[in-house]
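Data block below; observations after.
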Amino acid sequence: MSTLDTVIQLIYLAAAACFVLGLHQMNSPATARNGNRLSAVGMAAAIIGTVVLIATGTYADVNASAWIIIAAGIVVGGGLGFYTARTVQMTAMPQLVSIFNAVGGGAAALIAIDDYIRLSGVLNASIPLEVSIPTVLDVIIGSITFTGSVIAAGKLQGLIGGQPIILPGSRILTAALAVVAVVGALFLLAGNVSLPIFAVILIAGLLFGVTMVLPIGGADMPVVISLLNSFTGTAVAMAGFVLSDPVLIIAGALVGASGAILTKLMADAMNRSVLNIMIGGFGTGDAAAGASTGGPGGAVREIGADDAAIQLAYAQHVIIVPGYGLAVAQAQYAVHELAALLEARGVDVKYAIHPVAGRMPGHMNVLLAEANVPYPQLKEMDEINPEFERADVALVVGANDVTNPAARSNTASPIYGMPILDVDKAHSIIVIKRSMRPGYAGIDNELYTNPKTGMLFADAKDGLAQLIAAVKAV
Amino acid sequence: MSPEVLSALTIFVLAILVGFEVISKVPATLHTPLMSGANSIHGIVLVGAMVIAVEATDPLSQVLSFVAVAFASMNVVGGYVVTDRMLQMFRKRPTAPQPAAPADGDKA
C-alpha cells in the first residue's frame, strides 16, 4: 500500500468516526446541529480523498470523459438536492426523505449493475461467491428501495391515492416476483454468469418495490419510510462489499441499523408487526375527507369556543395533543399562537407527542419546531403520560386513535394493546374535530363520550382561531 | 473466505451494533432529523459511484455511472442541507416573537 493510499484509508476511517460521533450528538436537540455538521465534514473529507485517489490513477488510468461524468453528475445531482432541500415545506419532509432513499438505493443498485456488466463481459468469466452474493443482494435490495420509495413519495405527495391500492391478484403477483428474484439469484450464486438472468432479477426487484408499497395505506407510512431507509443503508453496505470499500460498509450498516430501530419503534407504537403492515389491508389509510357517519352510542357533549376558552384561560396546566389532522390543516402556527396566549396568562403548556403523530417518525416535532414551539415543551409519550392526571385541561387537535382509552381497557377492540396518550385522565378534555367520523382504525373513540369531554366541532385551524379569539376576549 | 471478506464482514457486523447502540439513545423528538441525517450518510455511496465512473469505458457504463453519481450527489447535498435546516428550528426558547405570518413553510 502506497503512502497516499494509507493516508486516504485513514481519512475514510476518520470519516466513519465522524458519522458515528455525529449520530451520537443527535441524542439532544442542543448538540444535534453540530452532530450533523460533523457528519458532513466527514463526508466531505471522504469525497475529496476519493477524488485524490482517482486523480493519482489508483483505480484506472483516468481519462477526461470520467472527469466530465463525475463533475456533471455532482453538479446536476448536487444542485437538484440543494434546491429541493432549501425549498421543501416541512409538511413534505416524508416525501423528500423517500426521494433521498430512492436515489441512494438507486445509486447502490447501479453500482452493482455496472460491476456485473463488467465482470460478465470477461471471457469465460467465473464470479466468486464473495462477489456474487453482495452483488445480487445489492441489486435486489437497491431496486426494491428505488421503486418502493418512489411509490411511497408519490402516495405521500398525493400523486397516487393514499388509500391502499389492492388490485386483484396483486398479492400473488408480489409473491411471484419474490420467487422469480430468489430463483434467479440462486441460479447466479450457483456459479452461472448470465446477464439476461441478472436483468430478470433487476426487473423483478423493481416491480416488487411497486407491488409491495402500493397496497399500504397512508397512515402506515412511518413504518414504510423507516423500512425503506433501512433497506437503502443495507444496499449501500452491499455496494461496499462489491467494491471492497470499508467506509461504504460502515456507513451503510449505520443507516441500516437506524432504519431498523425506527421501523420497530413505529410498528410498536401501532401495536402491529412489521409483516402485518407490509401485507396491508388494515384500515383505510389516509384520513381523507369522507362523509361523516352517525355518532357512536354514548351521548356526546358539545362545547362552544367561549366555554372552552374560559377553561383554558383559567387552567394551571394544559396539555395539547396534536395529531396529523393539525398538520393537514396547517394549524401548527395557530396552535403555537394559542399556547403563547395561554402562557402569557401564566398557564403551563406542554405538548404530548405520540410516536406516530405524523407521516414519518418524529414528524410532528419538526412541524411544531418550525412554528417556533420551544423543544423542551415537546414531550414524548412515556414522559407526559403521568402528567395527564395533574392537567386541568387536555386539548386534543386532530388526533384520534392514539387517544382512545379502549386500547387500554377493551380487549375486544382492534387497537387493544396499542400504547396511547392517557388523555382521559385529565380533569377536563376539549377535542377539536370536524365530525364524529371514526379515525384510521375505523372504530369509535370512547374518549368522545366521556362526561369530562367537550367536543368543539370545527376544522383544526378554524377551531384554534375561534379559541384564540375567545381567549383574547376573556 | 478470503481474509479481506472476513474483515469486511467483521466491520459490517460491528458497525450495525454500533448503529443500534448510538441510535437507540436518540429521543423521539429528533427522529425526523435523525432519519434525514442518516439519509445523508448513505450518500457515501457517491464514493462508489465515482469509482465506477472512472472504470467506465463503454457508453452504457458511462451512462450508468453518470446517473449513479447524480443520484448519490443529490442524496448527500440534499440530505445534509435539509437536516441542517430542520435542526436550526429546534430552539430551547422562542426567539423574538415571530409575526403570526407563517415562515416559508406555509404556502399550501
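In the C-alpha cells, each chain is lettered A, B, ... as it comes, each chain's residues begin at 1, and ligands are numbered from 1 in order of appearance.
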
Exercise for review: Could you find all residues in chain B that DSSP calls helix (DSSP H, G or I) from the backbone, and write them as number ranges by chain?
Suggested key: B: 3-23, 28-55, 59-87

Exercise for review: Write out as a ChimeraX atom specification each polymer residue whose atoms come within 7 Å of Val26 of chain B, counting only C-alpha atoms; drop sequence neighbours fewer than 2 positions from it.
Suggested key: /A:26-27 /B:23-24,28,30

Okay, now the selection with N, CA, C and O atoms, as a CSV table (one decimal), in the first residue's frame?
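As a result, part00.csv now contains:
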chain,number,residue,atom,x,y,z
A,26,MET,N,-26.8,13.5,18.0
A,26,MET,CA,-28.2,13.6,17.7
A,26,MET,C,-29.0,13.3,19.0
A,26,MET,O,-30.3,13.3,18.9
A,27,ASN,N,-28.4,12.9,20.1
A,27,ASN,CA,-29.2,12.4,21.2
A,27,ASN,C,-29.8,13.6,22.0
A,27,ASN,O,-30.5,13.5,22.9
B,23,ILE,N,-28.0,4.9,18.1
B,23,ILE,CA,-29.3,5.4,17.6
B,23,ILE,C,-30.4,5.2,18.6
B,23,ILE,O,-31.3,6.0,18.7
B,24,SER,N,-30.3,4.1,19.4
B,24,SER,CA,-31.4,3.9,20.4
B,24,SER,C,-31.4,5.0,21.4
B,24,SER,O,-32.4,5.1,22.2
B,28,ALA,N,-37.3,10.7,20.6
B,28,ALA,CA,-38.3,10.7,19.5
B,28,ALA,C,-38.4,12.1,18.9
B,28,ALA,O,-38.8,12.2,17.7
B,30,LEU,N,-36.3,13.9,17.9
B,30,LEU,CA,-35.4,14.2,16.8
B,30,LEU,C,-35.4,13.1,15.8
B,30,LEU,O,-34.5,12.9,15.0

Practice item. Taking only C-alpha atoms into account, report as an MDAnalysis selection string which residues of chain A lie within 6 Å of chain B. Key: chainID A and resid 24 27 33 62 66 69 73:74 77:78 81:82 85 89 100 103:104 107 233 249:255 257:258 361:363 365 369:370 372 374:375

Practice item. Report the distance between atom CA of Leu262 of chain A and atom CA of Phe231 of chain A in Å, rounded to one decimal place. Key: 12.3 Å

Exercise for review: Might you pull out every residue within 6 Å of segment 402-412 of chain A, with only C-alpha atoms counted and same-chain residues fewer than 5 positions away left off, and present them as a list in words?
Suggested key: Gly417, Met418, Ile420, Leu421, Asn445 and Leu447 of chain A

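Proximity to Asp382 of chain A was assessed for A:His354, A:Ala16, A:Ala185, A:Ala394 counting only C-alpha atoms; the smallest distance is recorded for A:His354.
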
Review point. Which polymer residues have any atom within 8 Å of an atom of segment 301-308 of chain A, counting only C-alpha atoms, with same-chain residues fewer than 2 positions away left out, as an NGL selection string?
Key: :A and (299 or 310-312 or 430 or 449 or 451 or 453-457 or 463 or 466-467 or 470-471)

Review point. Quick one: of A:Leu21, A:Met278, A:Ala460, A:Ala219, who's nearest to Gly325 of chain A, counting only C-alpha atoms?
Key: A:Ala460

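Distance-wise, atom CA of Thr232 of chain A and atom CA of Ala45 of chain A end up 22.0 Å apart.
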
Practice item. Would you mind listing what lies within 10 Å of Ala44 of chain A as a list of chain:residue names, with only C-alpha atoms counted and same-chain residues fewer than 4 positions away left out? Key: A:Ala15, A:Leu38, A:Ser39, A:Ala40, A:Ile48, A:Gly49, A:Thr50, B:Ile44, B:Val76

Do a neighbour search on Thr211 of chain A at 8 Å with only C-alpha atoms, toss out local chain neighbours closer than 6 positions, and write the hits as a PDB file with N, CA and C atoms, in the first residue's frame.
ATOM      1  N   SER A 170     -52.944  -9.055  -6.718  1.00  0.00           N
ATOM      2  CA  SER A 170     -51.683  -8.336  -6.517  1.00  0.00           C
ATOM      3  C   SER A 170     -50.780  -9.037  -5.500  1.00  0.00           C
ATOM      4  N   ARG A 171     -51.431  -9.692  -4.501  1.00  0.00           N
ATOM      5  CA  ARG A 171     -50.618 -10.408  -3.512  1.00  0.00           C
ATOM      6  C   ARG A 171     -49.863 -11.555  -4.176  1.00  0.00           C
ATOM      7  N   LEU A 173     -49.082 -11.717  -7.304  1.00  0.00           N
ATOM      8  CA  LEU A 173     -48.052 -11.129  -8.157  1.00  0.00           C
ATOM      9  C   LEU A 173     -46.804 -10.796  -7.337  1.00  0.00           C
ATOM     10  N   THR A 174     -47.020 -10.170  -6.165  1.00  0.00           N
ATOM     11  CA  THR A 174     -45.893  -9.821  -5.300  1.00  0.00           C
ATOM     12  C   THR A 174     -45.105 -11.065  -4.932  1.00  0.00           C
TER      13      THR A 174
END

Practice item. Determine, counting only C-alpha atoms, which protein, DNA and RNA residues have an atom within 12 Å of an atom of Val223 of chain A; residues of the same chain fewer than 6 positions away are not included. Present the result as a ChimeraX atom specification. Key: /A:94,98,152,213,216-217,229-230,259-278,280,355-356,358-362

Practice item. Work out how far atom CA of Ala239 of chain A is from atom CA of Tyr83 of chain A, in Å to one decimal. Key: 27.3 Å

Practice item. Write out as a PyMOL selection string all residues of segment 205-360 of chain A that DSSP puts in strand (DSSP E or B) for this structure's backbone. Key: chain A and resi 302+317-322+348-353

Practice item. Rank A:Ile141, A:Ala426, A:Leu341, A:Val193 by their smallest atom-to-atom distance to Val396 of chain A, using only C-alpha atoms, and report the top residue only. Key: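 Of all the options, A:Ala426 lies closest to Val396 of chain A.
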
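In this comparison, which uses only C-alpha atoms, the residue of A:Ala112, A:Leu189, A:Gly158, A:Arg118 approaching Ile133 of chain A most closely is A:Leu189.
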
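Considering only C-alpha atoms, the residue among A:Ala199, A:Val349, A:Val122, A:Ile160 positioned nearest to Pro215 of chain A is A:Ile160.
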